[in-house]
$ cat entry-v6.tsv   # TSV, N, CA, C and O atoms
chain	number	residue	atom	x	y	z
D	406	MET	N	-1.10	-18.39	-19.63
D	406	MET	CA	0.07	-17.78	-19.01
D	406	MET	C	0.61	-18.71	-17.94
D	406	MET	O	-0.14	-19.26	-17.16
D	407	GLU	N	1.91	-18.87	-17.93
D	407	GLU	CA	2.57	-19.71	-16.96
D	407	GLU	C	3.43	-18.83	-16.05
D	407	GLU	O	4.12	-17.93	-16.52
D	408	ILE	N	3.35	-19.10	-14.75
D	408	ILE	CA	4.15	-18.36	-13.76
D	408	ILE	C	5.19	-19.31	-13.18
D	408	ILE	O	4.84	-20.38	-12.69
D	409	LYS	N	6.45	-18.91	-13.24
D	409	LYS	CA	7.53	-19.70	-12.64
D	409	LYS	C	8.17	-18.90	-11.52
D	409	LYS	O	8.31	-17.68	-11.63
D	410	HIS	N	8.57	-19.59	-10.47
D	410	HIS	CA	9.18	-18.95	-9.31
D	410	HIS	C	10.62	-19.43	-9.17
D	410	HIS	O	10.90	-20.62	-9.25
D	411	THR	N	11.52	-18.48	-8.95
D	411	THR	CA	12.92	-18.78	-8.67
D	411	THR	C	13.28	-18.11	-7.36
D	411	THR	O	13.14	-16.89	-7.23
D	412	ALA	N	13.70	-18.90	-6.39
D	412	ALA	CA	14.07	-18.35	-5.08
D	412	ALA	C	15.57	-18.49	-4.87
D	412	ALA	O	16.14	-19.55	-5.09
D	413	LEU	N	16.18	-17.40	-4.47
D	413	LEU	CA	17.58	-17.40	-4.07
D	413	LEU	C	17.61	-17.26	-2.56
D	413	LEU	O	16.56	-17.25	-1.91
D	414	GLU	N	18.77	-17.08	-1.99
D	414	GLU	CA	18.86	-17.02	-0.53
D	414	GLU	C	18.09	-15.84	0.06
D	414	GLU	O	17.32	-15.99	1.00
D	415	SER	N	18.26	-14.65	-0.50
D	415	SER	CA	17.62	-13.47	0.07
D	415	SER	C	16.72	-12.73	-0.91
D	415	SER	O	16.19	-11.67	-0.59
D	416	LYS	N	16.55	-13.28	-2.10
D	416	LYS	CA	15.72	-12.64	-3.12
D	416	LYS	C	14.98	-13.71	-3.90
D	416	LYS	O	15.25	-14.90	-3.77
D	417	GLY	N	14.05	-13.26	-4.72
D	417	GLY	CA	13.33	-14.20	-5.56
D	417	GLY	C	12.65	-13.46	-6.70
D	417	GLY	O	12.56	-12.22	-6.69
D	418	VAL	N	12.16	-14.22	-7.65
D	418	VAL	CA	11.47	-13.62	-8.79
D	418	VAL	C	10.37	-14.57	-9.28
D	418	VAL	O	10.56	-15.79	-9.30
D	419	PHE	N	9.24	-13.98	-9.61
D	419	PHE	CA	8.17	-14.68	-10.29
D	419	PHE	C	8.20	-14.19	-11.72
D	419	PHE	O	8.17	-12.98	-11.97
D	420	THR	N	8.27	-15.12	-12.66
D	420	THR	CA	8.36	-14.76	-14.06
D	420	THR	C	7.15	-15.32	-14.80
D	420	THR	O	6.80	-16.49	-14.62
D	421	ALA	N	6.53	-14.47	-15.62
D	421	ALA	CA	5.37	-14.88	-16.41
D	421	ALA	C	5.81	-15.17	-17.83
D	421	ALA	O	6.59	-14.42	-18.41
D	422	PHE	N	5.29	-16.26	-18.37
D	422	PHE	CA	5.58	-16.66	-19.74
D	422	PHE	C	4.27	-16.82	-20.52
D	422	PHE	O	3.32	-17.39	-19.99
D	423	ILE	N	4.25	-16.30	-21.71
D	423	ILE	CA	3.12	-16.49	-22.62
D	423	ILE	C	3.68	-17.15	-23.88
D	423	ILE	O	4.60	-16.61	-24.50
D	424	ASP	N	3.15	-18.31	-24.20
D	424	ASP	CA	3.64	-19.08	-25.36
D	424	ASP	C	5.15	-19.28	-25.31
D	424	ASP	O	5.84	-19.18	-26.32
D	425	GLY	N	5.65	-19.55	-24.10
D	425	GLY	CA	7.07	-19.83	-23.92
D	425	GLY	C	7.98	-18.62	-23.91
D	425	GLY	O	9.19	-18.75	-23.73
D	426	LYS	N	7.41	-17.42	-24.07
D	426	LYS	CA	8.23	-16.20	-24.07
D	426	LYS	C	7.99	-15.40	-22.80
D	426	LYS	O	6.87	-15.29	-22.33
D	427	LYS	N	9.08	-14.84	-22.27
D	427	LYS	CA	8.98	-14.04	-21.05
D	427	LYS	C	8.10	-12.83	-21.30
D	427	LYS	O	8.35	-12.03	-22.20
D	428	ALA	N	7.04	-12.70	-20.48
D	428	ALA	CA	6.11	-11.58	-20.61
D	428	ALA	C	6.29	-10.55	-19.50
D	428	ALA	O	5.93	-9.39	-19.66
D	429	GLY	N	6.84	-10.97	-18.37
D	429	GLY	CA	7.04	-10.04	-17.27
D	429	GLY	C	7.62	-10.74	-16.06
D	429	GLY	O	7.75	-11.96	-16.03
D	430	GLU	N	7.97	-9.92	-15.05
D	430	GLU	CA	8.51	-10.48	-13.81
D	430	GLU	C	8.20	-9.58	-12.63
D	430	GLU	O	7.96	-8.38	-12.79
D	431	MET	N	8.18	-10.21	-11.46
D	431	MET	CA	7.97	-9.50	-10.21
D	431	MET	C	9.05	-9.99	-9.25
D	431	MET	O	9.18	-11.19	-9.03
D	432	THR	N	9.84	-9.06	-8.73
D	432	THR	CA	10.94	-9.42	-7.85
D	432	THR	C	10.60	-9.09	-6.41
D	432	THR	O	9.79	-8.21	-6.12
D	433	TYR	N	11.24	-9.84	-5.51
D	433	TYR	CA	11.04	-9.59	-4.08
D	433	TYR	C	12.34	-9.84	-3.32
D	433	TYR	O	13.25	-10.51	-3.81
D	434	SER	N	12.37	-9.28	-2.12
D	434	SER	CA	13.48	-9.51	-1.19
D	434	SER	C	12.90	-10.17	0.05
D	434	SER	O	11.78	-9.87	0.46
D	435	VAL	N	13.68	-11.06	0.65
D	435	VAL	CA	13.27	-11.72	1.88
D	435	VAL	C	13.54	-10.78	3.04
D	435	VAL	O	14.62	-10.18	3.13
D	436	ALA	N	12.55	-10.63	3.92
D	436	ALA	CA	12.68	-9.76	5.10
D	436	ALA	C	12.47	-10.60	6.35
D	436	ALA	O	11.32	-10.82	6.78
D	437	GLY	N	13.53	-11.11	6.90
D	437	GLY	CA	13.41	-11.97	8.07
D	437	GLY	C	12.89	-13.35	7.69
D	437	GLY	O	13.02	-13.79	6.55
D	438	THR	N	12.25	-14.01	8.63
D	438	THR	CA	11.79	-15.38	8.39
D	438	THR	C	10.34	-15.46	7.95
D	438	THR	O	9.89	-16.52	7.52
D	439	ASP	N	9.62	-14.34	8.03
D	439	ASP	CA	8.18	-14.43	7.76
D	439	ASP	C	7.62	-13.36	6.83
D	439	ASP	O	6.41	-13.23	6.70
D	440	LYS	N	8.50	-12.62	6.14
D	440	LYS	CA	8.01	-11.56	5.26
D	440	LYS	C	8.82	-11.52	3.96
D	440	LYS	O	9.99	-11.87	3.94
D	441	ILE	N	8.13	-11.08	2.90
D	441	ILE	CA	8.82	-10.75	1.65
D	441	ILE	C	8.39	-9.35	1.24
D	441	ILE	O	7.27	-8.92	1.51
D	442	ILE	N	9.30	-8.65	0.60
D	442	ILE	CA	9.05	-7.29	0.13
D	442	ILE	C	9.03	-7.32	-1.40
D	442	ILE	O	10.05	-7.59	-2.03
D	443	VAL	N	7.85	-7.10	-1.98
D	443	VAL	CA	7.75	-7.03	-3.44
D	443	VAL	C	8.27	-5.66	-3.85
D	443	VAL	O	7.73	-4.63	-3.45
D	444	ASP	N	9.37	-5.64	-4.61
D	444	ASP	CA	10.03	-4.37	-4.90
D	444	ASP	C	9.97	-3.92	-6.35
D	444	ASP	O	10.26	-2.77	-6.65
D	445	HIS	N	9.55	-4.81	-7.26
D	445	HIS	CA	9.52	-4.39	-8.66
D	445	HIS	C	8.61	-5.29	-9.48
D	445	HIS	O	8.60	-6.51	-9.30
D	446	THR	N	7.87	-4.67	-10.38
D	446	THR	CA	7.09	-5.40	-11.38
D	446	THR	C	7.45	-4.83	-12.74
D	446	THR	O	7.45	-3.61	-12.91
D	447	GLY	N	7.76	-5.70	-13.67
D	447	GLY	CA	8.08	-5.26	-15.02
D	447	GLY	C	7.38	-6.13	-16.04
D	447	GLY	O	7.33	-7.35	-15.89
D	448	VAL	N	6.80	-5.49	-17.04
D	448	VAL	CA	6.14	-6.21	-18.12
D	448	VAL	C	6.88	-5.90	-19.41
D	448	VAL	O	7.18	-4.74	-19.70
D	449	GLU	N	7.19	-6.94	-20.16
D	449	GLU	CA	7.93	-6.78	-21.41
D	449	GLU	C	7.09	-6.03	-22.44
D	449	GLU	O	5.86	-6.16	-22.48
D	450	GLU	N	7.78	-5.30	-23.29
D	450	GLU	CA	7.12	-4.57	-24.36
D	450	GLU	C	6.32	-5.55	-25.22
D	450	GLU	O	6.78	-6.65	-25.53
D	451	GLY	N	5.13	-5.18	-25.57
D	451	GLY	CA	4.26	-6.05	-26.36
D	451	GLY	C	3.29	-6.86	-25.53
D	451	GLY	O	2.38	-7.48	-26.07
D	452	TYR	N	3.48	-6.86	-24.21
D	452	TYR	CA	2.59	-7.62	-23.33
D	452	TYR	C	1.78	-6.71	-22.41
D	452	TYR	O	1.08	-7.19	-21.53
D	453	ASN	N	1.89	-5.42	-22.59
D	453	ASN	CA	1.12	-4.47	-21.78
D	453	ASN	C	-0.37	-4.67	-22.04
D	453	ASN	O	-0.78	-4.97	-23.15
D	454	GLY	N	-1.16	-4.48	-20.98
D	454	GLY	CA	-2.61	-4.57	-21.13
D	454	GLY	C	-3.17	-5.98	-21.13
D	454	GLY	O	-4.38	-6.16	-21.29
D	455	LEU	N	-2.32	-6.98	-20.92
D	455	LEU	CA	-2.79	-8.37	-20.91
D	455	LEU	C	-2.98	-8.93	-19.51
D	455	LEU	O	-3.29	-10.10	-19.35
D	456	GLY	N	-2.79	-8.10	-18.49
D	456	GLY	CA	-2.97	-8.55	-17.11
D	456	GLY	C	-1.79	-9.33	-16.56
D	456	GLY	O	-1.94	-10.05	-15.58
D	457	VAL	N	-0.62	-9.17	-17.17
D	457	VAL	CA	0.56	-9.92	-16.74
D	457	VAL	C	0.92	-9.58	-15.30
D	457	VAL	O	1.12	-10.47	-14.47
D	458	GLY	N	1.01	-8.31	-14.98
D	458	GLY	CA	1.38	-7.90	-13.62
D	458	GLY	C	0.39	-8.40	-12.58
D	458	GLY	O	0.78	-8.90	-11.52
D	459	LYS	N	-0.87	-8.27	-12.88
D	459	LYS	CA	-1.91	-8.72	-11.95
D	459	LYS	C	-1.82	-10.22	-11.70
D	459	LYS	O	-1.92	-10.69	-10.57
D	460	LYS	N	-1.58	-10.99	-12.77
D	460	LYS	CA	-1.44	-12.44	-12.62
D	460	LYS	C	-0.21	-12.80	-11.78
D	460	LYS	O	-0.24	-13.77	-11.03
D	461	LEU	N	0.85	-12.00	-11.90
D	461	LEU	CA	2.05	-12.26	-11.09
D	461	LEU	C	1.73	-12.13	-9.60
D	461	LEU	O	2.24	-12.91	-8.79
D	462	VAL	N	0.88	-11.17	-9.25
D	462	VAL	CA	0.48	-11.03	-7.84
D	462	VAL	C	-0.47	-12.15	-7.45
D	462	VAL	O	-0.24	-12.87	-6.48
D	463	ILE	N	-1.57	-12.29	-8.21
D	463	ILE	CA	-2.65	-13.21	-7.84
D	463	ILE	C	-2.26	-14.68	-7.95
D	463	ILE	O	-2.65	-15.50	-7.11
D	464	ASP	N	-1.51	-15.05	-8.98
D	464	ASP	CA	-1.16	-16.45	-9.20
D	464	ASP	C	0.27	-16.80	-8.83
D	464	ASP	O	0.66	-17.96	-8.92
D	465	GLY	N	1.04	-15.79	-8.44
D	465	GLY	CA	2.43	-16.01	-8.07
D	465	GLY	C	2.69	-15.70	-6.61
D	465	GLY	O	2.83	-16.59	-5.77
D	466	VAL	N	2.72	-14.41	-6.29
D	466	VAL	CA	3.09	-13.96	-4.94
D	466	VAL	C	2.13	-14.44	-3.87
D	466	VAL	O	2.54	-14.97	-2.84
D	467	VAL	N	0.83	-14.25	-4.09
D	467	VAL	CA	-0.16	-14.56	-3.05
D	467	VAL	C	-0.17	-16.06	-2.70
D	467	VAL	O	-0.07	-16.41	-1.51
D	468	PRO	N	-0.28	-16.97	-3.67
D	468	PRO	CA	-0.24	-18.39	-3.30
D	468	PRO	C	1.07	-18.80	-2.62
D	468	PRO	O	1.06	-19.59	-1.67
D	469	TYR	N	2.18	-18.23	-3.09
D	469	TYR	CA	3.47	-18.54	-2.48
D	469	TYR	C	3.47	-18.10	-1.01
D	469	TYR	O	3.92	-18.84	-0.13
D	470	ALA	N	2.99	-16.89	-0.75
D	470	ALA	CA	2.94	-16.38	0.62
D	470	ALA	C	2.04	-17.26	1.49
D	470	ALA	O	2.41	-17.62	2.62
D	471	ARG	N	0.87	-17.60	0.99
D	471	ARG	CA	-0.06	-18.44	1.77
D	471	ARG	C	0.53	-19.80	2.07
D	471	ARG	O	0.43	-20.30	3.20
D	472	GLU	N	1.12	-20.44	1.09
D	472	GLU	CA	1.69	-21.78	1.26
D	472	GLU	C	2.86	-21.81	2.23
D	472	GLU	O	3.13	-22.83	2.86
D	473	ASN	N	3.56	-20.69	2.34
D	473	ASN	CA	4.77	-20.63	3.16
D	473	ASN	C	4.61	-19.82	4.43
D	473	ASN	O	5.59	-19.56	5.12
D	474	GLY	N	3.39	-19.41	4.75
D	474	GLY	CA	3.14	-18.65	5.97
D	474	GLY	C	3.85	-17.32	6.01
D	474	GLY	O	4.31	-16.88	7.06
D	475	LEU	N	3.92	-16.66	4.85
D	475	LEU	CA	4.63	-15.39	4.74
D	475	LEU	C	3.66	-14.22	4.63
D	475	LEU	O	2.54	-14.37	4.14
D	476	LYS	N	4.11	-13.07	5.06
D	476	LYS	CA	3.37	-11.82	4.86
D	476	LYS	C	4.10	-11.02	3.78
D	476	LYS	O	5.31	-11.13	3.61
D	477	VAL	N	3.33	-10.22	3.06
D	477	VAL	CA	3.87	-9.46	1.93
D	477	VAL	C	3.85	-7.97	2.22
D	477	VAL	O	2.83	-7.43	2.68
D	478	ILE	N	4.96	-7.32	1.93
D	478	ILE	CA	5.05	-5.86	1.99
D	478	ILE	C	5.20	-5.38	0.55
D	478	ILE	O	6.26	-5.57	-0.06
D	479	PRO	N	4.14	-4.81	-0.03
D	479	PRO	CA	4.21	-4.40	-1.44
D	479	PRO	C	4.78	-2.99	-1.61
D	479	PRO	O	4.04	-2.01	-1.68
D	480	LEU	N	6.09	-2.87	-1.68
D	480	LEU	CA	6.71	-1.57	-1.92
D	480	LEU	C	6.53	-1.12	-3.36
D	480	LEU	O	6.49	0.07	-3.65
D	481	CYS	N	6.44	-2.06	-4.26
D	481	CYS	CA	6.20	-1.75	-5.67
D	481	CYS	C	4.81	-1.13	-5.81
D	481	CYS	O	3.83	-1.71	-5.35
D	482	PRO	N	4.70	0.06	-6.40
D	482	PRO	CA	3.40	0.72	-6.54
D	482	PRO	C	2.37	-0.12	-7.29
D	482	PRO	O	1.19	-0.11	-6.94
D	483	PHE	N	2.80	-0.85	-8.30
D	483	PHE	CA	1.85	-1.68	-9.04
D	483	PHE	C	1.29	-2.79	-8.15
D	483	PHE	O	0.08	-3.00	-8.08
D	484	ALA	N	2.17	-3.51	-7.47
D	484	ALA	CA	1.72	-4.60	-6.59
D	484	ALA	C	0.80	-4.05	-5.50
D	484	ALA	O	-0.23	-4.65	-5.19
D	485	LYS	N	1.15	-2.90	-4.95
D	485	LYS	CA	0.30	-2.28	-3.92
D	485	LYS	C	-1.08	-2.00	-4.48
D	485	LYS	O	-2.10	-2.24	-3.81
D	486	SER	N	-1.17	-1.52	-5.71
D	486	SER	CA	-2.48	-1.20	-6.30
D	486	SER	C	-3.32	-2.47	-6.48
D	486	SER	O	-4.54	-2.43	-6.31
D	487	VAL	N	-2.69	-3.60	-6.81
D	487	VAL	CA	-3.44	-4.85	-6.94
D	487	VAL	C	-4.00	-5.27	-5.58
D	487	VAL	O	-5.17	-5.65	-5.49
D	488	PHE	N	-3.20	-5.17	-4.54
D	488	PHE	CA	-3.69	-5.50	-3.20
D	488	PHE	C	-4.80	-4.54	-2.77
D	488	PHE	O	-5.79	-4.97	-2.18
D	489	ASP	N	-4.65	-3.26	-3.08
D	489	ASP	CA	-5.67	-2.27	-2.71
D	489	ASP	C	-7.01	-2.55	-3.38
D	489	ASP	O	-8.06	-2.30	-2.80
D	490	LYS	N	-6.98	-3.07	-4.60
D	490	LYS	CA	-8.21	-3.30	-5.37
D	490	LYS	C	-8.85	-4.66	-5.11
D	490	LYS	O	-9.97	-4.89	-5.55
D	491	ASN	N	-8.13	-5.57	-4.44
D	491	ASN	CA	-8.62	-6.94	-4.24
D	491	ASN	C	-8.58	-7.31	-2.76
D	491	ASN	O	-7.58	-7.80	-2.25
D	492	GLU	N	-9.70	-7.11	-2.11
D	492	GLU	CA	-9.79	-7.37	-0.67
D	492	GLU	C	-9.46	-8.83	-0.34
D	492	GLU	O	-8.91	-9.11	0.72
D	493	SER	N	-9.75	-9.76	-1.22
D	493	SER	CA	-9.53	-11.18	-0.95
D	493	SER	C	-8.05	-11.55	-0.87
D	493	SER	O	-7.72	-12.65	-0.44
D	494	LEU	N	-7.17	-10.64	-1.25
D	494	LEU	CA	-5.73	-10.90	-1.20
D	494	LEU	C	-5.08	-10.37	0.08
D	494	LEU	O	-3.93	-10.69	0.37
D	495	ARG	N	-5.80	-9.57	0.81
D	495	ARG	CA	-5.19	-8.81	1.90
D	495	ARG	C	-4.78	-9.65	3.12
D	495	ARG	O	-4.07	-9.16	4.00
D	496	ASP	N	-5.19	-10.91	3.16
D	496	ASP	CA	-4.80	-11.75	4.30
D	496	ASP	C	-3.30	-11.97	4.35
D	496	ASP	O	-2.76	-12.30	5.40
D	497	VAL	N	-2.61	-11.75	3.23
D	497	VAL	CA	-1.15	-11.95	3.23
D	497	VAL	C	-0.37	-10.65	3.44
D	497	VAL	O	0.85	-10.67	3.50
D	498	LEU	N	-1.06	-9.53	3.58
D	498	LEU	CA	-0.36	-8.26	3.78
D	498	LEU	C	0.23	-8.18	5.18
D	498	LEU	O	-0.39	-8.60	6.15
D	499	ALA	N	1.43	-7.63	5.27
D	499	ALA	CA	2.10	-7.44	6.56
D	499	ALA	C	1.49	-6.23	7.26
D	499	ALA	O	0.99	-5.32	6.65
$ encode --input "entry-v6.tsv" --output "C-alpha cells"
Amino acid sequence: MEIKHTALESKGVFTAFIDGKKAGEMTYSVAGTDKIIVDHTGVEEGYNGLGVGKKLVIDGVVPYARENGLKVIPLCPFAKSVFDKNESLRDVLA
C-alpha cells in the first residue's frame, strides 16, 4: 500500500493506493499554525477490511504531524478510534 499526501493552503488529504488504484483517503483541515483536524476517512468499495483507514493514520497522518511539529485533533470517529487503540500514537494528539 502506498500513501500519498496532497497539501493545499488550508486543507489536505492522504490517499492510499493499492496496486495503483485508489483504496481510500483521509482528509484534514489546518487549524492555526500547529494543528490539523482530521475530519473524514473513506475507504473505497472492495477495500474494506484491509486496514486501509488504519494505515492512513499510522503511515500518513502521524508521521506527517511528527515531522512538522503538528498536533492532531481527530474529529473523524474512525481516526479517533485508531488513536484510542494505539497509545504509541498519542504524542501527536492535541
$ residues_near_point --input "entry-v6.tsv" --point "(7.7, -0.4, -9.9)" --cutoff "8 Å" --atoms "all atoms listed in the file" --output "ChimeraX atom specification"
/D:443-447,480-484
$ select_by_dssp --input "entry-v6.tsv" --residues "chain D" --states "strand (DSSP E or B)" --output "MDAnalysis selection string"
chainID D and resid 407:412 416:423 426:436 440:448 476:479 498
$ select_by_dssp --input "entry-v6.tsv" --residues "chain D" --states "helix (DSSP H, G or I)" --output "PyMOL selection string"
chain D and resi 457-473+482-490+492-497
$ closest_residue --input "entry-v6.tsv" --among "D:Lys416, D:Lys459, D:His410, D:Gly465" --to "Gly437 of chain D" --atoms "only C-alpha atoms"
D:Lys416
$ residues_near_point --input "entry-v6.tsv" --point "(4.3, -14.2, -11.7)" --cutoff "8 Å" --atoms "only N, CA, C and O atoms" --output "NGL selection string"
:D and (407-410 or 418-422 or 429-431 or 457-466)
$ write_last_selection --input "entry-v6.tsv" --atoms "N, CA, C and O atoms" --output "mmCIF file, in the coordinates of the input"
data_model
loop_
_atom_site.group_PDB
_atom_site.id
_atom_site.type_symbol
_atom_site.label_atom_id
_atom_site.label_comp_id
_atom_site.auth_asym_id
_atom_site.auth_seq_id
_atom_site.Cartn_x
_atom_site.Cartn_y
_atom_site.Cartn_z
ATOM 1 N N GLU D 407 1.910 -18.870 -17.930
ATOM 2 C CA GLU D 407 2.570 -19.710 -16.960
ATOM 3 C C GLU D 407 3.430 -18.830 -16.050
ATOM 4 O O GLU D 407 4.120 -17.930 -16.520
ATOM 5 N N ILE D 408 3.350 -19.100 -14.750
ATOM 6 C CA ILE D 408 4.150 -18.360 -13.760
ATOM 7 C C ILE D 408 5.190 -19.310 -13.180
ATOM 8 O O ILE D 408 4.840 -20.380 -12.690
ATOM 9 N N LYS D 409 6.450 -18.910 -13.240
ATOM 10 C CA LYS D 409 7.530 -19.700 -12.640
ATOM 11 C C LYS D 409 8.170 -18.900 -11.520
ATOM 12 O O LYS D 409 8.310 -17.680 -11.630
ATOM 13 N N HIS D 410 8.570 -19.590 -10.470
ATOM 14 C CA HIS D 410 9.180 -18.950 -9.310
ATOM 15 C C HIS D 410 10.620 -19.430 -9.170
ATOM 16 O O HIS D 410 10.900 -20.620 -9.250
ATOM 17 N N VAL D 418 12.160 -14.220 -7.650
ATOM 18 C CA VAL D 418 11.470 -13.620 -8.790
ATOM 19 C C VAL D 418 10.370 -14.570 -9.280
ATOM 20 O O VAL D 418 10.560 -15.790 -9.300
ATOM 21 N N PHE D 419 9.240 -13.980 -9.610
ATOM 22 C CA PHE D 419 8.170 -14.680 -10.290
ATOM 23 C C PHE D 419 8.200 -14.190 -11.720
ATOM 24 O O PHE D 419 8.170 -12.980 -11.970
ATOM 25 N N THR D 420 8.270 -15.120 -12.660
ATOM 26 C CA THR D 420 8.360 -14.760 -14.060
ATOM 27 C C THR D 420 7.150 -15.320 -14.800
ATOM 28 O O THR D 420 6.800 -16.490 -14.620
ATOM 29 N N ALA D 421 6.530 -14.470 -15.620
ATOM 30 C CA ALA D 421 5.370 -14.880 -16.410
ATOM 31 C C ALA D 421 5.810 -15.170 -17.830
ATOM 32 O O ALA D 421 6.590 -14.420 -18.410
ATOM 33 N N PHE D 422 5.290 -16.260 -18.370
ATOM 34 C CA PHE D 422 5.580 -16.660 -19.740
ATOM 35 C C PHE D 422 4.270 -16.820 -20.520
ATOM 36 O O PHE D 422 3.320 -17.390 -19.990
ATOM 37 N N GLY D 429 6.840 -10.970 -18.370
ATOM 38 C CA GLY D 429 7.040 -10.040 -17.270
ATOM 39 C C GLY D 429 7.620 -10.740 -16.060
ATOM 40 O O GLY D 429 7.750 -11.960 -16.030
ATOM 41 N N GLU D 430 7.970 -9.920 -15.050
ATOM 42 C CA GLU D 430 8.510 -10.480 -13.810
ATOM 43 C C GLU D 430 8.200 -9.580 -12.630
ATOM 44 O O GLU D 430 7.960 -8.380 -12.790
ATOM 45 N N MET D 431 8.180 -10.210 -11.460
ATOM 46 C CA MET D 431 7.970 -9.500 -10.210
ATOM 47 C C MET D 431 9.050 -9.990 -9.250
ATOM 48 O O MET D 431 9.180 -11.190 -9.030
ATOM 49 N N VAL D 457 -0.620 -9.170 -17.170
ATOM 50 C CA VAL D 457 0.560 -9.920 -16.740
ATOM 51 C C VAL D 457 0.920 -9.580 -15.300
ATOM 52 O O VAL D 457 1.120 -10.470 -14.470
ATOM 53 N N GLY D 458 1.010 -8.310 -14.980
ATOM 54 C CA GLY D 458 1.380 -7.900 -13.620
ATOM 55 C C GLY D 458 0.390 -8.400 -12.580
ATOM 56 O O GLY D 458 0.780 -8.900 -11.520
ATOM 57 N N LYS D 459 -0.870 -8.270 -12.880
ATOM 58 C CA LYS D 459 -1.910 -8.720 -11.950
ATOM 59 C C LYS D 459 -1.820 -10.220 -11.700
ATOM 60 O O LYS D 459 -1.920 -10.690 -10.570
ATOM 61 N N LYS D 460 -1.580 -10.990 -12.770
ATOM 62 C CA LYS D 460 -1.440 -12.440 -12.620
ATOM 63 C C LYS D 460 -0.210 -12.800 -11.780
ATOM 64 O O LYS D 460 -0.240 -13.770 -11.030
ATOM 65 N N LEU D 461 0.850 -12.000 -11.900
ATOM 66 C CA LEU D 461 2.050 -12.260 -11.090
ATOM 67 C C LEU D 461 1.730 -12.130 -9.600
ATOM 68 O O LEU D 461 2.240 -12.910 -8.790
ATOM 69 N N VAL D 462 0.880 -11.170 -9.250
ATOM 70 C CA VAL D 462 0.480 -11.030 -7.840
ATOM 71 C C VAL D 462 -0.470 -12.150 -7.450
ATOM 72 O O VAL D 462 -0.240 -12.870 -6.480
ATOM 73 N N ILE D 463 -1.570 -12.290 -8.210
ATOM 74 C CA ILE D 463 -2.650 -13.210 -7.840
ATOM 75 C C ILE D 463 -2.260 -14.680 -7.950
ATOM 76 O O ILE D 463 -2.650 -15.500 -7.110
ATOM 77 N N ASP D 464 -1.510 -15.050 -8.980
ATOM 78 C CA ASP D 464 -1.160 -16.450 -9.200
ATOM 79 C C ASP D 464 0.270 -16.800 -8.830
ATOM 80 O O ASP D 464 0.660 -17.960 -8.920
ATOM 81 N N GLY D 465 1.040 -15.790 -8.440
ATOM 82 C CA GLY D 465 2.430 -16.010 -8.070
ATOM 83 C C GLY D 465 2.690 -15.700 -6.610
ATOM 84 O O GLY D 465 2.830 -16.590 -5.770
ATOM 85 N N VAL D 466 2.720 -14.410 -6.290
ATOM 86 C CA VAL D 466 3.090 -13.960 -4.940
ATOM 87 C C VAL D 466 2.130 -14.440 -3.870
ATOM 88 O O VAL D 466 2.540 -14.970 -2.840
#
$ atom_distance --input "entry-v6.tsv" --atom1 "atom N of Asn491 of chain D" --atom2 "atom CA of Ala436 of chain D"
23.3 Å
$ closest_residue --input "entry-v6.tsv" --among "D:Ala428, D:Val477, D:Ala412, D:Leu498" --to "Glu449 of chain D" --atoms "all atoms listed in the file"
D:Ala428
$ atom_distance --input "entry-v6.tsv" --atom1 "atom C of Arg495 of chain D" --atom2 "atom O of Ile442 of chain D"
15.8 Å
$ atom_distance --input "entry-v6.tsv" --atom1 "atom C of Gly474 of chain D" --atom2 "atom C of Val497 of chain D"
8.3 Å
$ closest_residue --input "entry-v6.tsv" --among "D:Met406, D:Lys476, D:Arg471, D:Leu494" --to "Tyr433 of chain D" --atoms "only C-alpha atoms"
D:Lys476
$ closest_residue --input "entry-v6.tsv" --among "D:Leu455, D:Ile478, D:Tyr469, D:Lys490" --to "Ser434 of chain D" --atoms "all atoms listed in the file"
D:Ile478
$ closest_residue --input "entry-v6.tsv" --among "D:Ser486, D:Pro468, D:Pro479, D:Lys427" --to "Val448 of chain D" --atoms "all atoms listed in the file"
D:Lys427
$ closest_residue --input "entry-v6.tsv" --among "D:Thr432, D:Thr411, D:Thr438, D:Ser493" --to "Leu475 of chain D" --atoms "all atoms listed in the file"
D:Thr438
